[in-house]
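Pasted below: query22.txt, compact mmCIF, C-alpha atoms.
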# COMPACT_ATOMS: atom_id res chain seq x y z
CA MET A 1 -54.52 26.57 27.42
CA ALA A 2 -54.74 30.33 27.07
CA PHE A 3 -53.93 31.89 23.71
CA THR A 4 -50.99 34.27 23.69
CA LEU A 5 -50.08 36.74 20.98
CA PRO A 6 -46.60 35.85 19.70
CA ASP A 7 -44.13 38.58 18.91
CA LEU A 8 -43.43 39.03 15.24
CA PRO A 9 -40.25 37.14 14.23
CA TYR A 10 -38.92 40.46 12.83
CA ALA A 11 -39.37 44.18 13.40
CA HIS A 12 -42.58 45.85 12.26
CA ASP A 13 -40.68 47.71 9.53
CA ALA A 14 -38.54 44.73 8.42
CA LEU A 15 -40.74 43.89 5.41
CA ALA A 16 -41.42 47.46 4.27
CA SER A 17 -38.93 47.39 1.40
CA LEU A 18 -40.48 44.09 0.26
CA GLY A 19 -44.04 45.37 -0.01
CA MET A 20 -45.55 44.93 3.46
CA SER A 21 -45.46 48.21 5.36
CA LYS A 22 -44.92 48.88 9.03
CA GLU A 23 -48.47 50.25 9.17
CA THR A 24 -49.90 47.00 7.77
CA LEU A 25 -48.06 44.91 10.35
CA GLU A 26 -49.08 47.23 13.17
CA PHE A 27 -52.74 46.89 12.21
CA HIS A 28 -52.62 43.24 11.20
CA HIS A 29 -50.54 41.80 14.04
CA ASP A 30 -51.07 44.26 16.88
CA ILE A 31 -54.81 44.80 16.37
CA HIS A 32 -56.38 42.05 14.24
CA HIS A 33 -54.36 39.09 15.50
CA LYS A 34 -54.56 40.37 19.07
CA ALA A 35 -58.35 40.50 18.76
CA TYR A 36 -58.45 36.80 17.83
CA VAL A 37 -56.33 36.03 20.89
CA ASP A 38 -58.40 38.18 23.27
CA ASN A 39 -61.77 37.01 21.95
CA GLY A 40 -60.64 33.38 21.87
CA ASN A 41 -59.54 33.51 25.49
CA LYS A 42 -62.91 34.93 26.56
CA LEU A 43 -64.80 32.26 24.64
CA ILE A 44 -62.85 29.23 25.89
CA ALA A 45 -62.87 30.35 29.53
CA GLY A 46 -64.78 27.80 31.62
CA THR A 47 -65.30 25.41 28.69
CA GLU A 48 -63.89 21.99 27.87
CA TRP A 49 -61.42 23.74 25.54
CA GLU A 50 -59.80 25.95 28.17
CA SER A 51 -56.86 23.62 28.80
CA LYS A 52 -56.55 22.08 25.31
CA PRO A 53 -53.72 22.76 22.84
CA LEU A 54 -54.57 25.18 20.03
CA GLU A 55 -54.54 22.54 17.26
CA ASP A 56 -56.95 20.36 19.24
CA ILE A 57 -59.32 23.31 19.67
CA VAL A 58 -59.28 24.06 15.95
CA LYS A 59 -59.94 20.45 14.94
CA GLY A 60 -62.42 19.84 17.74
CA THR A 61 -64.63 22.86 17.06
CA TYR A 62 -64.66 22.70 13.24
CA GLN A 63 -68.06 21.86 11.81
CA ALA A 64 -68.28 21.85 8.03
CA GLY A 65 -71.04 24.14 6.86
CA ALA A 66 -71.56 25.62 10.32
CA VAL A 67 -68.31 27.42 11.04
CA ALA A 68 -70.05 30.80 11.15
CA GLN A 69 -71.86 29.55 14.27
CA SER A 70 -68.66 28.81 16.19
CA GLY A 71 -66.94 31.78 17.73
CA ILE A 72 -64.39 29.51 19.38
CA PHE A 73 -63.46 27.95 16.04
CA ASN A 74 -63.28 31.27 14.22
CA ASN A 75 -60.91 32.84 16.74
CA ALA A 76 -58.82 29.73 17.40
CA SER A 77 -58.33 29.00 13.71
CA GLN A 78 -57.44 32.57 12.87
CA HIS A 79 -54.95 32.61 15.74
CA TRP A 80 -53.34 29.42 14.34
CA ASN A 81 -53.39 30.79 10.78
CA HIS A 82 -51.66 34.00 11.75
CA ILE A 83 -48.93 32.27 13.77
CA LEU A 84 -48.04 30.39 10.58
CA PHE A 85 -48.42 33.50 8.40
CA TRP A 86 -45.85 35.52 10.34
CA GLU A 87 -43.42 32.60 10.33
CA VAL A 88 -43.56 31.91 6.58
CA MET A 89 -42.50 35.48 5.78
CA GLY A 90 -39.17 37.12 6.43
CA PRO A 91 -36.85 40.01 5.63
CA GLY A 92 -33.94 39.84 3.20
CA GLU A 93 -33.70 40.12 -0.55
CA ASP A 94 -32.24 36.67 -1.28
CA LYS A 95 -35.18 34.28 -1.06
CA LYS A 96 -33.75 31.14 -2.66
CA ILE A 97 -35.95 28.05 -2.55
CA PRO A 98 -34.09 25.11 -0.95
CA GLY A 99 -33.38 22.24 -3.33
CA GLU A 100 -35.64 19.69 -1.61
CA LEU A 101 -38.62 22.05 -1.75
CA GLU A 102 -37.90 23.13 -5.32
CA LYS A 103 -37.81 19.47 -6.38
CA ALA A 104 -41.11 18.73 -4.59
CA LEU A 105 -42.83 21.76 -6.16
CA THR A 106 -41.56 20.85 -9.62
CA GLU A 107 -42.73 17.26 -9.26
CA ALA A 108 -46.18 18.34 -8.04
CA PHE A 109 -46.87 21.31 -10.33
CA GLY A 110 -44.46 21.05 -13.26
CA SER A 111 -42.30 24.01 -12.23
CA VAL A 112 -41.90 26.58 -9.46
CA ALA A 113 -43.38 29.20 -11.81
CA LYS A 114 -46.46 27.04 -12.35
CA PHE A 115 -46.82 26.52 -8.60
CA LYS A 116 -46.72 30.28 -8.02
CA GLU A 117 -49.25 30.86 -10.78
CA GLU A 118 -51.70 28.32 -9.34
CA PHE A 119 -51.20 29.47 -5.73
CA ALA A 120 -51.83 33.11 -6.68
CA ALA A 121 -54.88 32.13 -8.73
CA ALA A 122 -56.35 30.25 -5.77
CA GLY A 123 -55.93 33.26 -3.51
CA ALA A 124 -57.24 35.72 -6.08
CA GLY A 125 -60.21 33.47 -6.78
CA GLN A 126 -61.24 33.05 -3.15
CA PHE A 127 -64.57 34.89 -2.93
CA GLY A 128 -64.59 37.17 0.09
CA SER A 129 -62.25 36.59 2.99
CA GLY A 130 -60.05 33.53 3.32
CA TRP A 131 -56.68 31.93 2.70
CA SER A 132 -54.60 30.34 -0.04
CA TRP A 133 -52.55 27.28 0.99
CA LEU A 134 -49.81 24.95 -0.10
CA VAL A 135 -50.46 21.72 1.78
CA LYS A 136 -49.09 18.23 2.11
CA ASP A 137 -52.02 15.86 1.85
CA ALA A 138 -52.47 12.69 3.88
CA ASP A 139 -50.93 10.69 1.01
CA GLY A 140 -47.79 12.88 1.10
CA GLY A 141 -48.59 14.72 -2.13
CA LEU A 142 -48.48 18.50 -2.43
CA LYS A 143 -51.55 20.45 -3.47
CA ILE A 144 -52.90 24.00 -3.52
CA THR A 145 -56.13 24.76 -1.71
CA LYS A 146 -58.14 27.79 -0.69
CA THR A 147 -60.40 28.16 2.31
CA GLU A 148 -63.07 30.61 3.38
CA ASN A 149 -62.80 32.86 6.42
CA GLY A 150 -60.57 31.14 9.00
CA VAL A 151 -60.87 27.53 7.84
CA ASN A 152 -57.44 25.93 7.54
CA PRO A 153 -55.74 22.67 6.50
CA LEU A 154 -55.97 21.21 10.01
CA CYS A 155 -59.70 20.79 9.39
CA PHE A 156 -58.99 18.34 6.58
CA GLY A 157 -56.09 16.37 8.04
CA GLN A 158 -53.54 18.22 5.89
CA THR A 159 -50.18 19.74 6.80
CA ALA A 160 -49.91 23.44 5.98
CA LEU A 161 -46.60 24.32 4.34
CA LEU A 162 -47.47 27.86 3.22
CA GLY A 163 -50.49 30.07 3.82
CA CYS A 164 -51.36 33.51 2.52
CA ASP A 165 -53.99 35.66 4.19
CA VAL A 166 -56.35 37.18 1.60
CA TRP A 167 -58.57 39.07 4.03
CA GLU A 168 -58.57 42.72 2.99
CA HIS A 169 -56.81 43.86 6.17
CA SER A 170 -53.75 41.91 4.98
CA TYR A 171 -53.23 43.95 1.84
CA TYR A 172 -55.49 47.00 1.59
CA ILE A 173 -53.08 49.55 3.06
CA ASP A 174 -50.29 48.58 0.65
CA PHE A 175 -52.17 47.29 -2.41
CA ARG A 176 -55.68 48.74 -2.05
CA ASN A 177 -58.01 46.38 -3.94
CA LYS A 178 -55.27 44.72 -6.00
CA ARG A 179 -55.30 41.28 -4.42
CA PRO A 180 -53.52 39.56 -7.35
CA ALA A 181 -50.61 42.02 -7.09
CA TYR A 182 -50.40 41.38 -3.34
CA LEU A 183 -50.25 37.62 -3.93
CA THR A 184 -47.54 37.93 -6.57
CA ASN A 185 -45.51 40.16 -4.27
CA PHE A 186 -45.99 37.72 -1.38
CA LEU A 187 -44.60 34.82 -3.43
CA ASP A 188 -41.78 36.74 -5.09
CA LYS A 189 -40.53 38.86 -2.19
CA LEU A 190 -41.98 37.96 1.20
CA VAL A 191 -41.95 34.18 1.60
CA ASN A 192 -39.23 32.66 3.77
CA TRP A 193 -38.75 29.49 1.73
CA GLU A 194 -36.41 27.98 4.32
CA ASN A 195 -39.32 28.03 6.77
CA VAL A 196 -41.67 26.48 4.21
CA ALA A 197 -39.13 23.73 3.43
CA SER A 198 -38.80 22.97 7.16
CA ARG A 199 -42.50 22.05 7.23
CA LEU A 200 -42.09 19.32 4.60
Do you think you could lay out the structure here as structure tokens?
Amino acid sequence: MAFTLPDLPYAHDALASLGMSKETLEFHHDIHHKAYVDNGNKLIAGTEWESKPLEDIVKGTYQAGAVAQSGIFNNASQHWNHILFWEVMGPGEDKKIPGELEKALTEAFGSVAKFKEEFAAAGAGQFGSGWSWLVKDADGGLKITKTENGVNPLCFGQTALLGCDVWEHSYYIDFRNKRPAYLTNFLDKLVNWENVASRL
């Protein structure tokens, strides 16, 4: 089925006071994400994937070690990643972590602070472009992963609870080359923890 660019769940300037500017969202959503949608639609046209759901396309076109060869995978996975990315952020200063999620993070990582430290380290340590993830593994346990380029947890049978885009276009306007500062700001100010908890 054709990819469609979703509207942001908030205004372009809604996150500006929290460290993600209107300009960043205009470039990131309106240009970069739209390009994944437009290119993906061109690539799946007339193929077996044209009428498949997005998740099926991502899982069906992923080839470990050969993802750079698959334009369909690259665009489909980045489309999926960005849909999640917009949804796990939100406006508002009060970003309390729901009790169920706080308990799960503490059990898995020792504390919420330790979770944030490890998540930020994964994103900062991802060489080149990619993503940092909080996932629920097949055994139900929580873990932190990082992936290159557009690879995502669907490829490994995991459920994505939280994802942070560490491609430069996600942070360069607001943070220049300071990826660690961007990640800390993302966790402390931008994440909509209610949305993350709903994915448990």
Give me the residues of region 34-150 of chain A that have any atom at most 9 Å from an atom of region 157-174 of chain A; for each, the nearest atom pair and the distance in Å, rounded to one decimal. Use only C-alpha atoms, sort by chain and number, and format it as CSV.
residue,atom,partner,partner_atom,distance
A:Lys59,CA,A:Gly157,CA,8.9
A:Asn81,CA,A:Gly163,CA,7.6
A:His82,CA,A:Asp165,CA,8.1
A:Leu84,CA,A:Gly163,CA,7.2
A:Phe85,CA,A:Gly163,CA,6.1
A:Val88,CA,A:Leu162,CA,6.6
A:Gly123,CA,A:Val166,CA,6.5
A:Ala124,CA,A:Val166,CA,7.9
A:Gln126,CA,A:Val166,CA,8.0
A:Gly128,CA,A:Trp167,CA,7.4
A:Ser129,CA,A:Trp167,CA,4.6
A:Gly130,CA,A:Val166,CA,5.5
A:Trp131,CA,A:Asp165,CA,4.8
A:Ser132,CA,A:Cys164,CA,5.2
A:Trp133,CA,A:Gly163,CA,4.5
A:Leu134,CA,A:Leu162,CA,5.0
A:Val135,CA,A:Ala160,CA,4.6
A:Lys136,CA,A:Thr159,CA,5.0
A:Asp137,CA,A:Gln158,CA,4.9
A:Ala138,CA,A:Gln158,CA,6.0
A:Asn149,CA,A:Trp167,CA,7.9
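Our summary of the geometry notes that CA of Ser21 (chain A) is positioned 10.3 Å from CA of Phe175 (chain A).
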Env of Asp30 (chain A): 10 Å cut, atoms = only C-alpha atoms, seq-sep filter 3 positions within chain, self excluded. Answer as a PyMOL selection string. chain A and resi 5-8+12+24-27+33-35
Limited to C-alpha atoms, could you put the picked residues into a file as an mmCIF file, keeping the file's coordinate frame?
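Contents of result19.cif, as written:
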data_model
loop_
_atom_site.group_PDB
_atom_site.id
_atom_site.type_symbol
_atom_site.label_atom_id
_atom_site.label_comp_id
_atom_site.auth_asym_id
_atom_site.auth_seq_id
_atom_site.Cartn_x
_atom_site.Cartn_y
_atom_site.Cartn_z
ATOM 1 C CA LEU A 5 -50.080 36.740 20.980
ATOM 2 C CA PRO A 6 -46.600 35.850 19.700
ATOM 3 C CA ASP A 7 -44.130 38.580 18.910
ATOM 4 C CA LEU A 8 -43.430 39.030 15.240
ATOM 5 C CA HIS A 12 -42.580 45.850 12.260
ATOM 6 C CA THR A 24 -49.900 47.000 7.770
ATOM 7 C CA LEU A 25 -48.060 44.910 10.350
ATOM 8 C CA GLU A 26 -49.080 47.230 13.170
ATOM 9 C CA PHE A 27 -52.740 46.890 12.210
ATOM 10 C CA HIS A 33 -54.360 39.090 15.500
ATOM 11 C CA LYS A 34 -54.560 40.370 19.070
ATOM 12 C CA ALA A 35 -58.350 40.500 18.760
#
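The coordinates place CA of Lys95 (chain A) at 7.3 Å from CA of Val191 (chain A).
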Between A:Lys103, A:His29, A:Lys22, A:His79, which has the minimum distance to Ala2 (chain A) (counting only C-alpha atoms)?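 The closest residue to Ala2 (chain A) is A:His79.
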Would you kindly return, as a list in words, each protein, DNA or RNA residue with an atom no farther than 12 Å from any atom of Gln63 (chain A), considering all atoms listed in the file and excluding same-chain residues fewer than 6 positions away? Ile57, Gln69, Ser70, Gly71, Ile72, Phe73, Asn74, Val151, Cys155 and Phe156 of chain A
Surrounding residues of Ala113 (chain A) excluding itself and chain neighbours under 6 positions, 12 Å, only C-alpha atoms, as a list in words: Ile97, Glu102, Leu105, Thr106, Phe119, Ala120, Thr184, Leu187 and Asp188 of chain A
Nearest to Asp13 (chain A), chosen from A:Gly141, A:Ser77, A:Phe186, A:Gly90, with all atoms listed in the file counted in the distances: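 So, comparing all the options, the nearest one is A:Gly90.
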Taking into account only C-alpha atoms, which residue in the set A:Ala11, A:Gly19, A:Thr61, A:Glu55 is nearest to Leu154 (chain A)?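 Among the listed residues, A:Glu55 lies closest to Leu154 (chain A).
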Residues within 12 Å of (-63.9, 30.1, 26.2), counting all atoms listed in the file, listed as a list in words: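 Result, sorted by chain then residue number: Met1, Ala2, Phe3, Val37, Asp38, Asn39, Gly40, Asn41, Lys42, Leu43, Ile44, Ala45, Gly46, Thr47, Glu48, Trp49, Glu50, Ser51, Lys52, Ile57, Thr61, Ser70, Gly71, Ile72, Phe73, Asn75 and Ala76 of chain A.
Picture a line from CA of Ala108 (chain A) to CA of Asn195 (chain A); it runs 19.0 Å.
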Using all atoms listed in the file, which of A:Phe109, A:Tyr36, A:Tyr10, A:Trp80 sits nearest Asp56 (chain A)?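 Under the stated criterion, the closest residue is A:Trp80.
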Residue with smallest distance to Leu190 (chain A) - pool A:Val58, A:Met89, A:Ile83, A:Pro53, counting all atoms listed in the file: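 The shortest atom-to-atom distance to Leu190 (chain A) comes from A:Met89.
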